[in-house]
2 protein chains.
Amino acid sequence: MIKGLQSMSDLFSKIDLEKGSLGGRPVENRYLSNLRGFFANEDAYQSCLEQDNALLYSVSSMTPAEGEGQLHLGLGVLYPGKVGDEYYMTKGHLHTKREAAEVYVGLKGVGYMLLEHEVSQESMLVSLAEGEVVYVPGYTAHRTINTGDMPLAYLGIYPWDAGHDYGAIAERNFLKVLVEREGQPVLLDRQ
Amino acid sequence: MIKGLQSMSDLFSKIDLEKGSLGGRPVENRYLSNLRGFFANEDAYQSCLEQDNALLYSVSSMTPAEGEGQLHLGLGVLYPGKVGDEYYMTKGHLHTKREAAEVYVGLKGVGYMLLEHEVSQESMLVSLAEGEVVYVPGYTAHRTINTGDMPLAYLGIYPWDAGHDYGAIAERNFLKVLVEREGQPVLLDRQ
């Protein structure tokens, strides 16, 4: 079925960086307690959590249409902070449809995307900051990391049927961790 | 074939709004002379062209991968100006693969996207400015229009196989024109 234009109410969105909302759409929050097992230093995680179940990031999604050739997108806002010496980050995900790529557009702040190819297991750390674009190819787990001192905001645009597979990451996590050493981000192998 | 990460050199791009380039990629320029027949007032067009074959807009594209689930994107920079009372605009296009959608992200400046559904012939004028997102559904001709006094810059993200069909627009143009009336943009039927 070919929809007309007027039947689609959802063609426009203002990006609200304060509220983390894409055109007034709902915002899903992820708190420190939602990322149990993701940070490398378990003691540091426990100690941070006891002090404050901090808001780590939020996502607001725009899903105007489904079907061949359609796209969905999400606004992510990732707050600054560290668990021990590991920077605040998203859980990260693979796409359920493994071929599906995603384009990230940095809107505010500074940070990185950690990419890990599911098949070759290669890792790549790619800058994501205001005015920068990162292409996440298919078969690539991706996580956003805030290394700055202000929120890192970005859009992610992906095929409507990409799907989010968080399970694979929750089970094995990424092979690398990004930690602060003498004020600089350093990528290390997970111990 | 599943490519590894290292074989893809093109995962990152800085957006260069001054040069109109996406990560240093080539910039294609469109001058007034390239838009013969697109503006409503043919006399005004001829007179503008005699004065100066002005640069109307540029596009720089990033096409990292092809195949199911992949995405391509382009950086557009549309300059301010008018031909008679009609604002500078892009040629506009339909996707060769008609189902394919496109997501526009406004980076700088103010303007509009004119959407026209190929089947229902409905038109819609949607704001496109810094911090705004427009979803162009399938089967929808789309053109960008600069109503401000500075360049309008935006990203367009689309499925790798969307394709650009400029022929259909060149033949019949859009049904509506956006002109300035007492300092304000007004959408009129094409005469």
# chains A, B, ... in the order shown; residues from 1 in each chain; ligands from 1

$ closest_atom_pairs --of "segment 1-118 of chain A" --to "segment 62-83 of chain B" --cutoff "9 Å" --atoms "only C-alpha atoms" --output "tab-separated table"
residue	atom	partner	partner_atom	distance
A:Lys97	CA	B:Gly69	CA	8.3
A:Arg98	CA	B:Gly69	CA	8.5
A:Glu99	CA	B:Gly69	CA	5.5
A:Ala100	CA	B:Gly69	CA	4.0
A:Ala101	CA	B:Gln70	CA	5.1
A:Glu102	CA	B:Leu71	CA	7.2
A:Val103	CA	B:Leu71	CA	7.4

$ interface_residues --of "chain A" --to "chain B" --cutoff "8 Å" --atoms "only C-alpha atoms" --output "PyMOL selection string"
chain A and resi 2+4-6+10-16+64-65+68-71+99-103+116-117+119-120+122-124+126-127+131-139+157-159+162

$ write_last_selection --atoms "N, CA and C atoms" --output "short mmCIF file (atom, residue, chain, number, x, y, z; two decimals), in the first residue's frame"
data_model
loop_
_atom_site.label_atom_id
_atom_site.label_comp_id
_atom_site.auth_asym_id
_atom_site.auth_seq_id
_atom_site.Cartn_x
_atom_site.Cartn_y
_atom_site.Cartn_z
N ILE A 2 0.53 2.20 -0.85
CA ILE A 2 1.28 3.45 -0.89
C ILE A 2 0.50 4.51 -0.13
N GLY A 4 -0.39 8.20 1.25
CA GLY A 4 -0.24 9.60 0.84
C GLY A 4 0.50 10.37 1.92
N LEU A 5 0.80 11.63 1.62
CA LEU A 5 1.56 12.45 2.56
C LEU A 5 0.75 12.82 3.80
N GLN A 6 -0.51 13.19 3.58
CA GLN A 6 -1.32 13.72 4.69
C GLN A 6 -1.58 12.65 5.75
N ASP A 10 3.91 12.38 10.97
CA ASP A 10 5.17 12.36 11.72
C ASP A 10 6.38 12.68 10.87
N LEU A 11 6.27 13.63 9.96
CA LEU A 11 7.38 13.87 9.04
C LEU A 11 8.41 14.85 9.58
N PHE A 12 8.08 15.55 10.64
CA PHE A 12 8.93 16.63 11.12
C PHE A 12 9.24 16.47 12.60
N SER A 13 10.48 16.77 12.96
CA SER A 13 10.87 16.74 14.38
C SER A 13 11.87 17.83 14.68
N LYS A 14 11.59 18.58 15.73
CA LYS A 14 12.62 19.45 16.28
C LYS A 14 13.44 18.62 17.25
N ILE A 15 14.75 18.80 17.21
CA ILE A 15 15.63 18.10 18.14
C ILE A 15 15.71 18.93 19.43
N ASP A 16 15.23 18.36 20.53
CA ASP A 16 15.29 19.07 21.81
C ASP A 16 16.40 18.46 22.66
N PRO A 64 8.56 6.70 11.62
CA PRO A 64 7.40 7.18 10.88
C PRO A 64 6.73 6.14 9.98
N ALA A 65 7.48 5.17 9.49
CA ALA A 65 6.90 4.25 8.53
C ALA A 65 7.66 2.93 8.54
N GLU A 68 9.77 -1.80 3.03
CA GLU A 68 10.95 -1.69 2.16
C GLU A 68 11.38 -0.24 1.96
N GLY A 69 12.65 0.03 2.22
CA GLY A 69 13.21 1.36 1.94
C GLY A 69 12.97 2.40 3.02
N GLN A 70 12.23 2.06 4.07
CA GLN A 70 11.95 3.06 5.11
C GLN A 70 13.08 3.12 6.14
N LEU A 71 13.13 4.21 6.88
CA LEU A 71 14.19 4.45 7.85
C LEU A 71 13.58 4.82 9.21
N GLU A 99 22.98 -7.40 8.61
CA GLU A 99 23.49 -6.60 7.49
C GLU A 99 23.29 -5.11 7.69
N ALA A 100 22.31 -4.73 8.52
CA ALA A 100 21.88 -3.34 8.59
C ALA A 100 22.96 -2.42 9.13
N ALA A 101 23.21 -1.34 8.40
CA ALA A 101 24.14 -0.31 8.82
C ALA A 101 23.41 0.74 9.66
N GLU A 102 24.17 1.70 10.20
CA GLU A 102 23.57 2.84 10.90
C GLU A 102 24.49 4.04 10.71
N VAL A 103 23.89 5.19 10.48
CA VAL A 103 24.65 6.44 10.37
C VAL A 103 24.47 7.24 11.64
N GLU A 116 32.93 -3.03 16.93
CA GLU A 116 33.55 -4.35 17.00
C GLU A 116 32.84 -5.26 16.01
N HIS A 117 33.60 -5.75 15.06
CA HIS A 117 33.00 -6.60 14.03
C HIS A 117 32.72 -7.98 14.61
N VAL A 119 32.16 -10.83 13.22
CA VAL A 119 32.77 -11.99 12.57
C VAL A 119 34.30 -11.93 12.68
N SER A 120 34.88 -10.80 12.26
CA SER A 120 36.35 -10.71 12.27
C SER A 120 36.89 -10.35 13.65
N GLU A 122 37.52 -7.58 14.76
CA GLU A 122 38.31 -6.35 14.75
C GLU A 122 37.59 -5.27 15.55
N SER A 123 38.37 -4.43 16.23
CA SER A 123 37.81 -3.27 16.92
C SER A 123 38.26 -2.00 16.25
N MET A 124 37.45 -0.96 16.40
CA MET A 124 37.84 0.34 15.90
C MET A 124 37.22 1.40 16.80
N VAL A 126 36.26 5.26 16.90
CA VAL A 126 36.05 6.33 15.93
C VAL A 126 35.48 7.54 16.65
N SER A 127 36.05 8.70 16.39
CA SER A 127 35.59 9.93 17.02
C SER A 127 34.13 10.21 16.67
N GLY A 131 29.33 17.80 14.61
CA GLY A 131 29.80 18.01 13.24
C GLY A 131 30.56 16.84 12.65
N GLU A 132 30.41 15.67 13.26
CA GLU A 132 31.08 14.47 12.74
C GLU A 132 30.05 13.37 12.45
N VAL A 133 30.38 12.57 11.45
CA VAL A 133 29.51 11.48 11.03
C VAL A 133 30.28 10.16 11.13
N VAL A 134 29.63 9.15 11.69
CA VAL A 134 30.23 7.81 11.74
C VAL A 134 29.30 6.82 11.05
N TYR A 135 29.87 6.03 10.16
CA TYR A 135 29.13 4.98 9.48
C TYR A 135 29.40 3.65 10.17
N VAL A 136 28.37 3.05 10.73
CA VAL A 136 28.51 1.74 11.36
C VAL A 136 28.07 0.69 10.34
N PRO A 137 29.01 -0.12 9.85
CA PRO A 137 28.64 -1.12 8.84
C PRO A 137 27.80 -2.24 9.46
N GLY A 138 27.31 -3.12 8.62
CA GLY A 138 26.61 -4.29 9.12
C GLY A 138 27.53 -5.18 9.94
N TYR A 139 26.95 -6.08 10.69
CA TYR A 139 27.71 -7.08 11.48
C TYR A 139 28.65 -6.43 12.48
N ILE A 157 20.61 6.90 12.48
CA ILE A 157 19.60 6.64 11.44
C ILE A 157 19.86 5.24 10.88
N TYR A 158 18.82 4.42 10.80
CA TYR A 158 19.00 3.02 10.44
C TYR A 158 17.78 2.52 9.66
N PRO A 159 17.95 1.45 8.89
CA PRO A 159 16.81 0.88 8.18
C PRO A 159 15.73 0.46 9.18
N ALA A 162 16.10 -2.86 11.03
CA ALA A 162 17.42 -3.22 11.60
C ALA A 162 17.26 -4.02 12.89
#

$ select_by_dssp --residues "chain B" --states "helix (DSSP H, G or I)" --output "PyMOL selection string"
chain B and resi 32-35+42-51+167-172

$ write_last_selection --atoms "C-alpha atoms" --output "short mmCIF file (atom, residue, chain, number, x, y, z; two decimals), in the first residue's frame"
data_model
loop_
_atom_site.label_atom_id
_atom_site.label_comp_id
_atom_site.auth_asym_id
_atom_site.auth_seq_id
_atom_site.Cartn_x
_atom_site.Cartn_y
_atom_site.Cartn_z
CA LEU B 32 22.03 28.87 -11.89
CA SER B 33 22.71 27.70 -15.45
CA ASN B 34 22.13 24.09 -14.34
CA LEU B 35 18.55 24.93 -13.27
CA GLU B 42 11.56 32.61 -16.96
CA ASP B 43 12.33 36.32 -17.59
CA ALA B 44 13.70 36.76 -14.07
CA TYR B 45 15.79 33.62 -14.54
CA GLN B 46 17.27 34.92 -17.80
CA SER B 47 18.03 38.29 -16.29
CA CYS B 48 19.69 36.76 -13.18
CA LEU B 49 21.78 34.47 -15.37
CA GLU B 50 22.99 37.37 -17.51
CA GLN B 51 24.19 39.15 -14.38
CA GLY B 167 14.26 13.38 -14.93
CA ALA B 168 10.68 13.23 -13.66
CA ILE B 169 11.06 16.62 -11.93
CA ALA B 170 12.85 18.22 -14.88
CA GLU B 171 9.90 17.21 -17.04
CA ARG B 172 6.97 18.36 -14.92
#

$ closest_residue --among "B:Tyr154, B:Tyr88, B:Phe39, B:Tyr166" --to "His142 of chain B" --atoms "only C-alpha atoms"
B:Tyr166

$ select_by_dssp --residues "segment 9-172 of chain B" --states "strand (DSSP E or B)" --output "ChimeraX atom specification"
/B:12-16,21-22,28-31,55-62,71-78,82-83,86-87,89,93-95,102-108,110-117,123-129,132-136,140-146,152-159,164-165

$ atom_distance --atom1 "atom CA of Ala141 of chain A" --atom2 "atom CA of Gly84 of chain A"
23.5 Å

$ atom_distance --atom1 "atom CA of Leu152 of chain A" --atom2 "atom CA of Gly111 of chain A"
6.8 Å

$ residues_around --residues "Thr147 of chain A" --least-positions-apart "2" --cutoff "10 Å" --atoms "only C-alpha atoms" --output "list of chain:residue names"
A:Tyr79, A:Pro80, A:Gly81, A:Lys82, A:Glu86, A:Tyr87, A:Tyr88, A:Met89, A:Gly109, A:Val110, A:Gly111, A:Tyr112, A:Thr144, A:Ile145, A:Asp149, A:Met150, A:Pro151, A:Leu152, A:Leu178, A:Val179, A:Glu180, A:Gly183, A:Gln184, A:Pro185

$ residues_around --residues "segment 27-29 of chain B" --least-positions-apart "5" --cutoff "8 Å" --atoms "only C-alpha atoms" --output "ChimeraX atom specification"
/B:20-21,55-61
